[in-house]
file run.csv (CSV, C-alpha atoms and all ligand atoms)
chain,number,residue,atom,x,y,z
A,1,MET,CA,99.2,163.0,129.8
A,2,SER,CA,98.4,165.9,127.4
A,3,GLU,CA,96.7,165.0,124.2
A,4,ARG,CA,99.7,166.1,122.2
A,5,PHE,CA,101.8,163.4,123.6
A,6,SER,CA,99.3,160.6,123.7
A,7,PRO,CA,100.8,157.3,122.6
A,8,LYS,CA,98.8,157.4,119.4
A,9,VAL,CA,100.5,160.6,118.2
A,10,VAL,CA,104.1,159.9,119.2
A,11,PRO,CA,105.0,157.0,117.0
A,12,LEU,CA,103.9,158.6,113.8
A,13,LEU,CA,106.0,161.5,112.8
A,14,ASP,CA,103.7,163.6,110.6
A,15,LEU,CA,105.5,164.3,107.4
A,16,ARG,CA,102.6,165.6,105.5
A,17,THR,CA,103.2,169.2,106.3
A,18,GLY,CA,106.9,169.2,105.4
A,19,ALA,CA,106.7,169.7,101.7
A,20,LEU,CA,109.7,171.1,99.8
A,21,ALA,CA,109.0,174.4,98.1
A,22,VAL,CA,109.7,174.2,94.4
A,23,PRO,CA,112.7,176.6,93.8
A,24,ALA,CA,111.7,179.6,91.6
A,25,ALA,CA,114.5,178.7,89.1
A,26,ALA,CA,112.7,175.4,88.4
A,27,LEU,CA,109.8,177.3,87.0
A,28,ARG,CA,111.9,178.6,84.1
A,29,HIS,CA,111.8,176.8,80.8
A,30,GLY,CA,115.1,175.4,79.7
A,31,HIS,CA,115.0,171.7,80.7
A,32,PRO,CA,116.1,169.0,78.3
A,33,ILE,CA,112.7,167.8,77.2
A,34,ALA,CA,110.0,167.2,76.2
A,35,GLY,CA,108.5,167.3,72.8
A,36,ALA,CA,110.2,164.0,71.9
A,37,GLY,CA,109.4,162.6,75.4
A,38,LEU,CA,113.1,162.4,76.2
A,39,LEU,CA,113.0,163.9,79.7
A,40,GLN,CA,115.4,161.9,81.9
A,41,ASP,CA,116.8,162.1,85.4
A,42,ARG,CA,120.4,162.1,86.4
A,43,LEU,CA,120.6,158.3,86.1
A,44,GLY,CA,119.0,158.3,82.6
A,45,ARG,CA,115.6,157.1,83.7
A,46,HIS,CA,112.6,158.4,81.7
A,47,LEU,CA,109.3,159.6,83.3
A,48,ARG,CA,106.6,157.2,82.1
A,49,ASP,CA,104.3,156.3,85.0
A,50,LEU,CA,102.4,158.5,87.3
A,51,ARG,CA,100.6,157.3,90.4
A,52,ILE,CA,98.0,159.6,91.9
A,53,SER,CA,96.7,159.2,95.4
A,54,VAL,CA,93.1,160.5,95.5
A,55,THR,CA,92.4,160.0,99.2
A,56,ASP,CA,94.3,159.2,102.4
A,57,ARG,CA,91.3,157.3,103.8
A,58,CYS,CA,90.7,153.5,103.6
A,59,ASN,CA,88.0,151.2,104.7
A,60,PHE,CA,90.5,148.4,105.6
A,61,ARG,CA,93.1,148.5,108.4
A,62,CYS,CA,95.7,146.0,107.1
A,63,SER,CA,98.4,145.9,109.7
A,64,TYR,CA,101.2,146.2,107.2
A,65,CYS,CA,99.8,149.4,105.8
A,66,MET,CA,97.3,151.3,108.1
A,67,PRO,CA,97.5,149.6,111.5
A,68,LYS,CA,94.4,150.1,113.6
A,69,ASP,CA,96.1,151.5,116.7
A,70,ILE,CA,97.4,154.5,114.7
A,71,PHE,CA,94.7,154.9,112.1
A,72,ASP,CA,91.8,155.0,114.5
A,73,LYS,CA,88.8,157.3,114.8
A,74,ASP,CA,91.0,160.0,116.2
A,75,TYR,CA,93.5,160.0,113.4
A,76,ALA,CA,93.8,163.4,111.7
A,77,TYR,CA,93.0,162.7,108.1
A,78,LEU,CA,93.5,165.5,105.6
A,79,PRO,CA,90.6,168.0,105.4
A,80,HIS,CA,88.8,168.2,102.1
A,81,SER,CA,90.3,171.6,101.3
A,82,ALA,CA,93.8,170.1,101.4
A,83,LEU,CA,93.0,167.5,98.7
A,84,LEU,CA,93.6,168.3,95.1
A,85,SER,CA,90.4,168.9,93.3
A,86,PHE,CA,89.6,166.9,90.2
A,87,GLU,CA,90.3,169.9,88.1
A,88,GLU,CA,93.7,170.4,89.8
A,89,ILE,CA,94.6,166.7,89.3
A,90,GLU,CA,93.6,166.9,85.6
A,91,ARG,CA,95.7,170.0,85.1
A,92,LEU,CA,98.8,168.4,86.7
A,93,ALA,CA,98.3,165.1,84.9
A,94,ARG,CA,98.2,167.0,81.6
A,95,GLN,CA,101.6,168.4,82.3
A,96,PHE,CA,103.0,165.0,83.2
A,97,VAL,CA,101.6,163.6,80.0
A,98,GLN,CA,103.3,166.4,78.1
A,99,LEU,CA,106.6,165.2,79.6
A,100,GLY,CA,106.2,161.6,78.4
A,101,VAL,CA,103.9,159.9,81.0
A,102,GLN,CA,102.0,157.1,79.3
A,103,LYS,CA,100.4,155.4,82.3
A,104,ILE,CA,98.3,156.8,85.2
A,105,ARG,CA,97.3,154.7,88.2
A,106,LEU,CA,94.8,156.0,90.7
A,107,THR,CA,95.5,154.8,94.2
A,108,GLY,CA,95.2,155.9,97.9
A,109,GLY,CA,94.1,155.2,100.6
A,110,GLU,CA,91.2,153.4,98.9
A,111,PRO,CA,90.5,155.3,95.7
A,112,LEU,CA,86.9,154.1,95.4
A,113,LEU,CA,86.1,156.0,98.6
A,114,ARG,CA,86.8,159.3,96.8
A,115,LYS,CA,83.4,160.7,96.0
A,116,ASN,CA,82.5,160.8,92.3
A,117,ILE,CA,85.8,159.2,91.3
A,118,GLU,CA,84.2,158.5,87.9
A,119,VAL,CA,84.2,162.2,87.1
A,120,LEU,CA,88.0,162.3,87.5
A,121,ILE,CA,88.4,159.1,85.4
A,122,GLU,CA,86.4,160.7,82.6
A,123,LYS,CA,88.7,163.7,82.6
A,124,LEU,CA,91.9,161.6,82.6
A,125,ALA,CA,90.5,159.3,79.9
A,126,ARG,CA,90.4,162.2,77.5
A,127,LEU,CA,94.2,162.9,77.8
A,128,ARG,CA,96.4,161.6,75.0
A,129,THR,CA,100.1,160.6,75.1
A,130,LEU,CA,102.7,162.4,73.1
A,131,GLU,CA,102.1,159.8,70.4
A,132,GLY,CA,98.4,160.6,70.4
A,133,ARG,CA,97.3,157.4,72.1
A,134,PRO,CA,94.9,157.1,75.1
A,135,LEU,CA,96.7,156.7,78.4
A,136,ASP,CA,97.0,153.3,80.1
A,137,LEU,CA,94.5,154.3,82.8
A,138,THR,CA,94.2,152.0,85.8
A,139,LEU,CA,93.4,151.9,89.4
A,140,THR,CA,94.5,149.9,92.5
A,141,THR,CA,91.7,148.9,94.9
A,142,ASN,CA,91.0,146.7,97.8
A,143,GLY,CA,88.0,145.5,95.9
A,144,ALA,CA,85.5,146.2,98.7
A,145,LEU,CA,83.3,148.5,96.6
A,146,LEU,CA,84.2,147.1,93.2
A,147,ALA,CA,81.1,144.9,92.6
A,148,ARG,CA,79.0,148.1,93.0
A,149,LYS,CA,81.2,150.4,91.0
A,150,ALA,CA,82.8,148.3,88.2
A,151,GLY,CA,80.2,149.3,85.5
A,152,ALA,CA,80.5,153.0,86.2
A,153,LEU,CA,84.3,152.9,86.3
A,154,LYS,CA,84.3,151.2,82.9
A,155,ALA,CA,81.8,153.6,81.4
A,156,ALA,CA,83.9,156.5,82.6
A,157,GLY,CA,86.9,155.2,80.6
A,158,LEU,CA,88.9,153.2,83.1
A,159,GLN,CA,90.8,150.5,81.3
A,160,ARG,CA,91.7,148.0,84.0
A,161,VAL,CA,92.1,147.4,87.7
A,162,THR,CA,94.5,145.9,90.1
A,163,VAL,CA,92.9,144.3,93.1
A,164,SER,CA,94.7,143.7,96.4
A,165,LEU,CA,93.8,140.4,98.0
A,166,ASP,CA,96.0,138.7,100.6
A,167,ALA,CA,94.2,135.4,101.2
A,168,LEU,CA,91.4,133.2,100.0
A,169,ASP,CA,90.8,131.7,103.4
A,170,ASP,CA,88.1,133.9,104.9
A,171,ALA,CA,89.5,133.9,108.5
A,172,VAL,CA,93.0,134.8,107.3
A,173,PHE,CA,91.6,137.5,105.1
A,174,ARG,CA,89.4,139.0,107.8
A,175,HIS,CA,92.3,139.0,110.2
A,176,MET,CA,94.6,140.8,107.7
A,177,ASN,CA,92.1,143.5,106.6
A,178,ASP,CA,91.3,143.9,110.4
A,179,VAL,CA,87.8,145.2,109.8
A,180,ASP,CA,86.3,141.7,109.4
A,181,PHE,CA,85.6,142.2,105.7
A,182,PRO,CA,84.6,138.9,104.0
A,183,VAL,CA,86.7,137.5,101.1
A,184,GLN,CA,83.6,136.7,99.1
A,185,ASP,CA,82.8,140.3,98.6
A,186,VAL,CA,86.2,141.0,97.1
A,187,LEU,CA,85.9,138.0,94.8
A,188,ALA,CA,82.5,139.3,93.7
A,189,GLY,CA,84.2,142.6,92.9
A,190,ILE,CA,86.9,140.8,90.8
A,191,GLU,CA,84.2,138.9,88.9
A,192,ALA,CA,82.2,142.1,88.2
A,193,ALA,CA,85.4,143.8,86.9
A,194,GLN,CA,86.0,140.8,84.6
A,195,GLN,CA,82.4,140.9,83.4
A,196,VAL,CA,82.5,144.6,82.4
A,197,GLY,CA,85.9,144.2,80.7
A,198,LEU,CA,88.1,146.1,83.2
A,199,GLY,CA,91.1,144.0,82.2
A,200,PRO,CA,93.6,142.5,82.0
A,201,ILE,CA,93.1,142.3,85.8
A,202,LYS,CA,96.0,141.9,88.2
A,203,VAL,CA,95.6,140.7,91.8
A,204,ASN,CA,98.3,141.8,94.3
A,205,MET,CA,99.0,139.6,97.3
A,206,VAL,CA,101.4,141.0,100.0
A,207,VAL,CA,103.1,138.0,101.5
A,208,LYS,CA,104.0,138.1,105.2
A,209,ARG,CA,105.9,135.1,106.5
A,210,GLY,CA,103.9,133.3,109.2
A,211,THR,CA,100.7,135.3,108.5
A,212,ASN,CA,99.5,134.4,105.0
A,213,ASP,CA,102.3,132.4,103.3
A,214,GLN,CA,100.2,129.3,103.6
A,215,GLU,CA,97.8,131.0,101.1
A,216,ILE,CA,100.4,131.2,98.3
A,217,LEU,CA,99.4,127.9,96.7
A,218,PRO,CA,95.6,128.2,97.2
A,219,MET,CA,95.8,131.7,95.6
A,220,ALA,CA,97.8,130.4,92.7
A,221,ARG,CA,95.4,127.5,92.1
A,222,HIS,CA,92.4,129.8,92.3
A,223,PHE,CA,93.6,132.3,89.6
A,224,LYS,CA,95.5,129.9,87.3
A,225,GLY,CA,93.8,129.7,84.0
A,226,THR,CA,91.4,132.7,84.7
A,227,GLY,CA,93.3,135.3,82.6
A,228,ILE,CA,94.0,137.1,85.9
A,229,ALA,CA,97.7,137.6,86.7
A,230,LEU,CA,98.4,137.1,90.4
A,231,ARG,CA,101.4,139.0,91.8
A,232,PHE,CA,103.2,138.3,95.0
A,233,ILE,CA,104.6,141.4,96.7
A,234,GLU,CA,107.3,141.2,99.4
A,235,PHE,CA,106.3,142.9,102.6
A,236,MET,CA,108.0,146.3,102.3
A,237,ASP,CA,109.6,148.6,104.8
A,238,VAL,CA,107.4,151.6,103.8
A,239,GLY,CA,106.2,154.1,106.3
A,240,ALA,CA,107.0,154.1,110.0
A,241,THR,CA,104.0,152.4,111.5
A,242,ASN,CA,103.8,148.8,110.2
A,243,GLY,CA,106.5,147.3,112.5
A,244,TRP,CA,108.4,146.0,109.5
A,245,ARG,CA,111.1,143.3,110.3
A,246,MET,CA,113.2,141.4,107.7
A,247,ASP,CA,112.1,138.2,109.4
A,248,ASP,CA,108.5,138.8,108.2
A,249,VAL,CA,109.6,139.0,104.6
A,250,LEU,CA,109.2,135.9,102.5
A,251,PRO,CA,111.6,136.3,99.6
A,252,SER,CA,110.1,136.1,96.1
A,253,SER,CA,112.6,133.3,95.3
A,254,GLU,CA,110.9,131.2,97.9
A,255,VAL,CA,107.4,132.0,96.5
A,256,ILE,CA,108.6,130.8,93.1
A,257,ALA,CA,110.2,127.7,94.5
A,258,ARG,CA,107.0,126.7,96.3
A,259,ILE,CA,104.9,127.2,93.2
A,260,GLN,CA,107.4,125.4,91.0
A,261,GLN,CA,107.0,122.3,93.2
A,262,GLU,CA,103.4,122.2,92.2
A,263,TRP,CA,103.4,123.6,88.7
A,264,PRO,CA,106.6,124.1,86.6
A,265,LEU,CA,107.2,127.7,85.6
A,266,VAL,CA,109.1,129.5,82.8
A,267,ALA,CA,110.6,133.0,83.1
A,268,LEU,CA,108.8,135.5,80.8
A,269,LYS,CA,110.2,138.7,79.4
A,270,PRO,CA,109.1,142.0,80.9
A,271,SER,CA,106.1,143.4,79.0
A,272,SER,CA,107.4,146.9,79.4
A,273,LYS,CA,110.5,148.7,80.5
A,274,GLY,CA,110.5,149.6,84.2
A,275,GLU,CA,107.9,146.9,85.0
A,276,THR,CA,107.7,146.3,88.8
A,277,ALA,CA,107.0,142.6,88.6
A,278,GLN,CA,109.1,139.7,87.3
A,279,ARG,CA,106.8,137.6,85.2
A,280,TRP,CA,106.6,133.8,85.2
A,281,GLY,CA,104.4,131.7,83.0
A,282,TYR,CA,102.9,128.3,83.8
A,283,ALA,CA,104.7,125.7,81.6
A,284,ASN,CA,103.2,123.1,79.3
A,285,THR,CA,104.6,119.6,79.0
A,286,LEU,CA,107.1,120.8,76.5
A,287,GLY,CA,108.5,123.4,78.9
A,288,ALA,CA,107.0,126.3,77.0
A,289,HIS,CA,104.6,128.9,78.3
A,290,ASP,CA,101.1,127.6,78.5
A,291,VAL,CA,99.3,130.8,77.6
A,292,ALA,CA,95.9,129.5,78.6
A,293,ALA,CA,97.2,128.6,82.1
A,294,GLY,CA,98.5,132.2,82.4
A,295,GLU,CA,101.2,133.8,84.5
A,296,ILE,CA,102.2,135.0,87.9
A,297,GLY,CA,104.5,137.8,88.9
A,298,VAL,CA,106.7,138.6,91.9
A,299,ILE,CA,107.6,142.0,93.1
A,300,SER,CA,110.8,141.7,95.0
A,301,SER,CA,111.2,145.2,96.2
A,302,VAL,CA,113.1,144.1,99.3
A,303,THR,CA,115.4,141.2,98.1
A,304,GLN,CA,116.0,142.4,94.6
A,305,ALA,CA,115.9,146.1,94.1
A,306,PHE,CA,114.8,147.6,90.8
A,307,CYS,CA,115.7,151.3,90.9
A,308,GLY,CA,117.7,151.1,87.7
A,309,ASP,CA,114.8,151.5,85.4
A,310,CYS,CA,112.3,153.1,87.8
A,311,ASN,CA,110.1,155.4,85.7
A,312,ARG,CA,107.5,156.2,88.4
A,313,ALA,CA,106.5,159.6,89.9
A,314,ARG,CA,103.9,159.8,92.7
A,315,LEU,CA,101.5,162.6,93.4
A,316,THR,CA,100.1,162.6,96.9
A,317,THR,CA,96.5,163.4,97.9
A,318,GLU,CA,97.5,167.0,98.6
A,319,GLY,CA,99.6,167.5,95.5
A,320,GLN,CA,103.2,166.8,96.6
A,321,LEU,CA,105.4,165.2,94.0
A,322,TYR,CA,107.4,162.3,95.4
A,323,LEU,CA,110.2,160.7,93.4
A,324,CYS,CA,110.5,157.5,95.5
A,325,LEU,CA,108.2,155.4,97.6
A,326,PHE,CA,110.8,155.6,100.4
A,327,ALA,CA,111.4,159.4,100.2
A,328,SER,CA,110.7,161.5,103.3
A,329,GLN,CA,109.7,164.7,101.4
A,330,GLY,CA,107.9,165.7,98.3
A,331,TYR,CA,107.7,168.9,96.2
A,332,ASP,CA,104.7,171.1,96.8
A,333,LEU,CA,103.0,171.3,93.4
A,334,ARG,CA,99.7,172.4,95.0
A,335,ALA,CA,101.3,175.6,96.1
A,336,LEU,CA,102.2,176.3,92.5
A,337,LEU,CA,98.7,175.5,91.3
A,338,ARG,CA,97.0,177.6,93.9
A,339,GLY,CA,99.6,180.4,93.6
A,340,GLY,CA,98.7,181.0,90.0
A,341,ALA,CA,101.5,179.2,88.1
A,342,THR,CA,101.0,178.9,84.3
A,343,ASP,CA,100.9,175.5,82.6
A,344,MET,CA,104.4,176.2,81.2
A,345,GLU,CA,105.7,176.9,84.7
A,346,LEU,CA,104.1,173.7,86.1
A,347,GLU,CA,105.6,171.7,83.3
A,348,SER,CA,109.0,173.2,83.8
A,349,ALA,CA,108.8,172.6,87.5
A,350,ILE,CA,108.0,168.9,87.1
A,351,ALA,CA,110.7,168.5,84.4
A,352,ASN,CA,113.4,170.1,86.5
A,353,ILE,CA,112.5,168.2,89.6
A,354,TRP,CA,112.6,164.9,87.6
A,355,GLY,CA,115.8,166.0,85.8
A,356,ASP,CA,117.5,166.4,89.1
A,357,ARG,CA,116.5,163.0,90.5
A,358,SER,CA,119.2,160.6,91.6
A,359,ASP,CA,117.6,158.5,94.3
A,360,ARG,CA,117.9,154.7,94.4
A,361,TYR,CA,116.8,153.8,97.9
A,362,SER,CA,116.0,150.2,97.3
A,363,GLU,CA,119.4,149.4,95.8
A,364,LEU,CA,121.2,151.2,98.7
A,365,ARG,CA,119.0,149.6,101.4
A,366,GLY,CA,121.4,146.6,101.8
A,367,ALA,CA,124.2,148.9,102.9
A,368,LEU,CA,122.1,150.8,105.4
A,369,PRO,CA,121.3,149.9,109.0
A,370,ALA,CA,118.0,148.0,109.3
A,371,ASP,CA,116.0,150.9,110.5
A,372,ALA,CA,117.8,153.7,108.7
A,373,GLY,CA,115.5,156.6,108.2
A,374,SER,CA,112.4,154.6,108.8
A,375,ALA,CA,110.9,157.2,111.2
A,376,HIS,CA,111.1,159.7,108.4
A,377,ARG,CA,109.4,157.7,105.7
A,378,VAL,CA,106.1,158.7,104.5
A,379,GLU,CA,103.1,156.3,104.9
A,380,MET,CA,102.0,154.2,102.0
A,381,SER,CA,98.3,155.3,102.5
A,382,TYR,CA,99.4,158.9,102.0
A,383,ILE,CA,101.7,158.6,99.1
A,384,GLY,CA,99.7,155.8,97.4
A,385,GLY,CA,101.1,152.3,96.7
A,401,LIG,N1,93.5,150.7,98.9
A,401,LIG,C1,94.1,150.2,97.6
A,401,LIG,C2,94.5,148.8,97.7
A,401,LIG,O1,94.3,148.2,98.7
A,401,LIG,O2,95.0,148.3,96.7
A,401,LIG,C3,95.3,151.1,97.1
A,401,LIG,C4,96.3,151.6,98.0
A,401,LIG,S1,97.3,150.3,98.7
A,401,LIG,C5,98.4,151.4,99.7
A,401,LIG,C6,98.3,149.8,97.3
A,401,LIG,C7,99.1,148.5,97.5
A,401,LIG,O3,100.1,148.7,98.4
A,401,LIG,C8,98.2,147.4,97.9
A,401,LIG,O4,98.4,146.3,97.0
A,401,LIG,C9,98.8,147.0,99.2
A,401,LIG,O5,98.7,145.6,99.5
A,401,LIG,C10,100.2,147.4,99.1
A,401,LIG,N2,101.0,147.6,100.3
A,401,LIG,C11,100.6,148.4,101.3
A,401,LIG,N3,101.6,148.4,102.3
A,401,LIG,C12,102.5,147.5,101.9
A,401,LIG,C13,103.7,147.0,102.4
A,401,LIG,N4,104.2,147.4,103.7
A,401,LIG,N5,104.5,146.1,101.7
A,401,LIG,C14,104.0,145.7,100.5
A,401,LIG,N6,102.9,146.2,99.9
A,401,LIG,C15,102.2,147.0,100.6
call {"tool": "encode", "arguments": {"input": "run.csv", "output": "structure tokens"}}
result
Amino acid sequence: MSERFSPKVVPLLDLRTGALAVPAAALRHGHPIAGAGLLQDRLGRHLRDLRISVTDRCNFRCSYCMPKDIFDKDYAYLPHSALLSFEEIERLARQFVQLGVQKIRLTGGEPLLRKNIEVLIEKLARLRTLEGRPLDLTLTTNGALLARKAGALKAAGLQRVTVSLDALDDAVFRHMNDVDFPVQDVLAGIEAAQQVGLGPIKVNMVVKRGTNDQEILPMARHFKGTGIALRFIEFMDVGATNGWRMDDVLPSSEVIARIQQEWPLVALKPSSKGETAQRWGYANTLGAHDVAAGEIGVISSVTQAFCGDCNRARLTTEGQLYLCLFASQGYDLRALLRGGATDMELESAIANIWGDRSDRYSELRGALPADAGSAHRVEMSYIGG
């Protein structure tokens, strides 16, 4: 068998080279923005939140995200020259902020694997929103390197972190990360983040029925009353390699029902428009929110779509602008950057691309065949979660 058709290569349709060129007309000023932060897409959704993937590499091999049989030592990760430099990321981020972005989340891959990530954080921490405030600057990490890096991240200007943790039981956790990484080290990372004040901290747990759903209550018990918000994420049909099946999805409604049996909950209001999680507070004996006991969240991206107020744009490791986690193509902003575009042209391009947006994949999913388009979906590790 020739290498080109080895089983490793065939299942993963490589979408990374298929970026859409930004049409020349999009570079011209004339979009309905921006000074007042009123840029909106065709469905009236504002651009508020930018997720930036800083590397396509990860030190975990969670089967729902970067399964080992595909992402092995022969996998062709992006070469360094393909990655946006910190200067390029900062320049693009500045244009996004000019258009109303208030929150930037660094992600990956595993963002703490990007060398000198603190330098990028310092640059982004200097940006100011249209209202003159610092950005809500955060980072999503698997926590493996957090104990070592928390102090430097805080000093560079990072405000808070979200840590992914799928189980407290060490055997279950090692099985899920598939690199035999111990849970204690992630817990130590969370503690270090808490100590240096990288908060409020959120912990994300992807729930897979039959794999880690027995960990729901132990995880809730562990984080209750700690000031850390635990969020349960439905296993999503992102990418083409994680063997997603609806049978493996444990609906958020069931997560809530299980926790309610142990501790009564009260529904809380969203803390911001477009928030991904539905919030629930632990109730006191009067049925009101017991603030000291804290809250949990559920992200029901499969069973309850939330495209209506989606305000997120995603910038991939090599500078493609994606308008949806489930899209199969992004717009090539790196080509503009490296082709000499001015700041005004970059800003116009982003504004026009956003202004033309009308996707709402999650809402339409129910009407599509189960595997519709899945082979053409970009991987989570590339686009950033
Ligand atoms: N490496 C970092 C981490 O582990 O948090 C950041 C990147 S990771 C792709 C971002 C988030 O996406 C993590 O919380 C991860 O659990 C989640 N994720 C990845 N694949 C997923 C899937 N198929 N369904 C739901 N969440 C997923």
call {"tool": "residues_near_point", "arguments": {"input": "run.csv", "point": "(97.5, 163.9, 99.4)", "cutoff": "10 Å", "atoms": "all atoms listed in the file", "output": "list in words"}}
result
Arg16, Ile52, Ser53, Val54, Thr55, Asp56, Tyr77, Leu78, Ala82, Leu83, Leu84, Gly108, Gly109, Leu315, Thr316, Thr317, Glu318, Gly319, Gln320, Leu321, Arg334, Ser381, Tyr382, Ile383 and Gly384 of chain A
call {"tool": "axis_aligned_box", "arguments": {"input": "run.csv", "around": "ligand LIG 401 (chain A)", "padding_each_side": "8 Å", "output": "lines of an AutoDock Vina configuration file"}}
result
center_x = 99.0
center_y = 148.6
center_z = 100.2
size_x = 27.0
size_y = 22.0
size_z = 23.0
call {"tool": "residues_near_ligand", "arguments": {"input": "run.csv", "ligand": "ligand LIG 401 (chain A)", "cutoff": "6 Å", "atoms": "only C-alpha atoms and all ligand atoms", "output": "ChimeraX atom specification"}}
result
/A:64-65,107-110,140-142,163-164,204,206,233-238,380-381,384-385
call {"tool": "closest_residue", "arguments": {"input": "run.csv", "among": "A:Glu347, A:Glu191, A:Glu379, A:Asp69", "to": "Gln329 of chain A", "atoms": "only C-alpha atoms"}}
result
A:Glu379
call {"tool": "atom_distance", "arguments": {"input": "run.csv", "atom1": "atom CA of Leu364 of chain A", "atom2": "atom CA of Ala313 of chain A"}}
result
19.1 Å
call {"tool": "residues_around", "arguments": {"input": "run.csv", "residues": "segment 322-327 of chain A", "least_positions_apart": "6", "cutoff": "12 Å", "atoms": "all atoms listed in the file", "output": "PyMOL selection string"}}
result
chain A and resi 15-16+18-20+41+45+47+49-53+236-240+301-302+306-307+310-316+333+350-351+353-365+372-385
call {"tool": "residues_near_point", "arguments": {"input": "run.csv", "point": "(108.8, 137.6, 92.5)", "cutoff": "6 Å", "atoms": "only C-alpha atoms", "output": "list in words"}}
result
Ser252, Gln278, Gly297, Val298, Ile299 and Ser300 of chain A
call {"tool": "closest_residue", "arguments": {"input": "run.csv", "among": "A:His289, A:Arg258, A:Lys149, A:Lys273", "to": "Ile117 of chain A", "atoms": "only C-alpha atoms"}}
result
A:Lys149
call {"tool": "closest_atom_pairs", "arguments": {"input": "run.csv", "of": "segment 172-196 of chain A", "to": "segment 151-154 of chain A", "cutoff": "12 Å", "atoms": "only C-alpha atoms", "output": "Markdown table"}}
result
| residue | atom | partner | partner_atom | distance |
| --- | --- | --- | --- | --- |
| A:Gly189 | CA | A:Gly151 | CA | 10.8 |
| A:Glu191 | CA | A:Gly151 | CA | 11.6 |
| A:Ala192 | CA | A:Gly151 | CA | 7.9 |
| A:Ala193 | CA | A:Gly151 | CA | 7.7 |
| A:Gln194 | CA | A:Gly151 | CA | 10.3 |
| A:Gln195 | CA | A:Gly151 | CA | 8.9 |
| A:Val196 | CA | A:Gly151 | CA | 6.1 |
call {"tool": "closest_residue", "arguments": {"input": "run.csv", "among": "A:Ser81, A:Gln304, A:Thr138, A:Ser271", "to": "Ile121 of chain A", "atoms": "only C-alpha atoms"}}
result
A:Thr138
call {"tool": "residues_around", "arguments": {"input": "run.csv", "residues": "segment 118-120 of chain A", "least_positions_apart": "6", "cutoff": "9 Å", "atoms": "only C-alpha atoms", "output": "list in words"}}
result
Phe86, Glu87, Ile89, Glu90, Ala152, Leu153, Lys154, Ala155, Ala156, Gly157 and Leu158 of chain A
call {"tool": "atom_distance", "arguments": {"input": "run.csv", "atom1": "atom CA of Asp343 of chain A", "atom2": "atom CA of Ala24 of chain A"}}
result
14.6 Å
call {"tool": "residues_around", "arguments": {"input": "run.csv", "residues": "Asn212 of chain A", "least_positions_apart": "5", "cutoff": "8 Å", "atoms": "all atoms listed in the file", "output": "ChimeraX atom specification"}}
result
/A:166-167,172,207
call {"tool": "write_last_selection", "arguments": {"input": "run.csv", "atoms": "C-alpha atoms", "output": "mmCIF file, in the coordinates of the input"}}
result
data_model
loop_
_atom_site.group_PDB
_atom_site.id
_atom_site.type_symbol
_atom_site.label_atom_id
_atom_site.label_comp_id
_atom_site.auth_asym_id
_atom_site.auth_seq_id
_atom_site.Cartn_x
_atom_site.Cartn_y
_atom_site.Cartn_z
ATOM 1 C CA ASP A 166 96.000 138.700 100.600
ATOM 2 C CA ALA A 167 94.200 135.400 101.200
ATOM 3 C CA VAL A 172 93.000 134.800 107.300
ATOM 4 C CA VAL A 207 103.100 138.000 101.500
#
call {"tool": "closest_residue", "arguments": {"input": "run.csv", "among": "A:Arg133, A:Arg42, A:Arg209, A:His175", "to": "Val255 of chain A", "atoms": "only C-alpha atoms"}}
result
A:Arg209
call {"tool": "atom_distance", "arguments": {"input": "run.csv", "atom1": "atom CA of Asp178 of chain A", "atom2": "atom CA of Tyr75 of chain A"}}
result
16.5 Å
call {"tool": "closest_residue", "arguments": {"input": "run.csv", "among": "A:Leu38, A:Asn59, A:Ala293, A:His80", "to": "Leu99 of chain A", "atoms": "all atoms listed in the file"}}
result
A:Leu38
call {"tool": "build_atoms", "arguments": {"input": "run.csv", "residues": "segment 311-316 of chain A", "atoms": "N, CA, C and O atoms", "output": "PDB file, keeping the file's coordinate frame"}}
result
ATOM      1  N   ASN A 311     110.620 154.289  86.529  1.00  0.00           N
ATOM      2  CA  ASN A 311     110.100 155.400  85.700  1.00  0.00           C
ATOM      3  C   ASN A 311     108.857 156.025  86.349  1.00  0.00           C
ATOM      4  O   ASN A 311     108.057 156.628  85.673  1.00  0.00           O
ATOM      5  N   ARG A 312     108.716 155.855  87.696  1.00  0.00           N
ATOM      6  CA  ARG A 312     107.500 156.200  88.400  1.00  0.00           C
ATOM      7  C   ARG A 312     107.623 157.534  89.183  1.00  0.00           C
ATOM      8  O   ARG A 312     108.577 157.689  89.942  1.00  0.00           O
ATOM      9  N   ALA A 313     106.638 158.400  89.020  1.00  0.00           N
ATOM     10  CA  ALA A 313     106.500 159.600  89.900  1.00  0.00           C
ATOM     11  C   ALA A 313     105.213 159.385  90.679  1.00  0.00           C
ATOM     12  O   ALA A 313     104.292 158.703  90.218  1.00  0.00           O
ATOM     13  N   ARG A 314     105.146 159.988  91.862  1.00  0.00           N
ATOM     14  CA  ARG A 314     103.900 159.800  92.700  1.00  0.00           C
ATOM     15  C   ARG A 314     103.432 161.213  93.114  1.00  0.00           C
ATOM     16  O   ARG A 314     104.212 162.062  93.558  1.00  0.00           O
ATOM     17  N   LEU A 315     102.123 161.369  92.973  1.00  0.00           N
ATOM     18  CA  LEU A 315     101.500 162.600  93.400  1.00  0.00           C
ATOM     19  C   LEU A 315     100.595 162.312  94.565  1.00  0.00           C
ATOM     20  O   LEU A 315      99.682 161.489  94.463  1.00  0.00           O
ATOM     21  N   THR A 316     100.867 162.953  95.699  1.00  0.00           N
ATOM     22  CA  THR A 316     100.100 162.600  96.900  1.00  0.00           C
ATOM     23  C   THR A 316      98.724 163.315  96.837  1.00  0.00           C
ATOM     24  O   THR A 316      98.465 164.189  95.998  1.00  0.00           O
TER      25      THR A 316
END
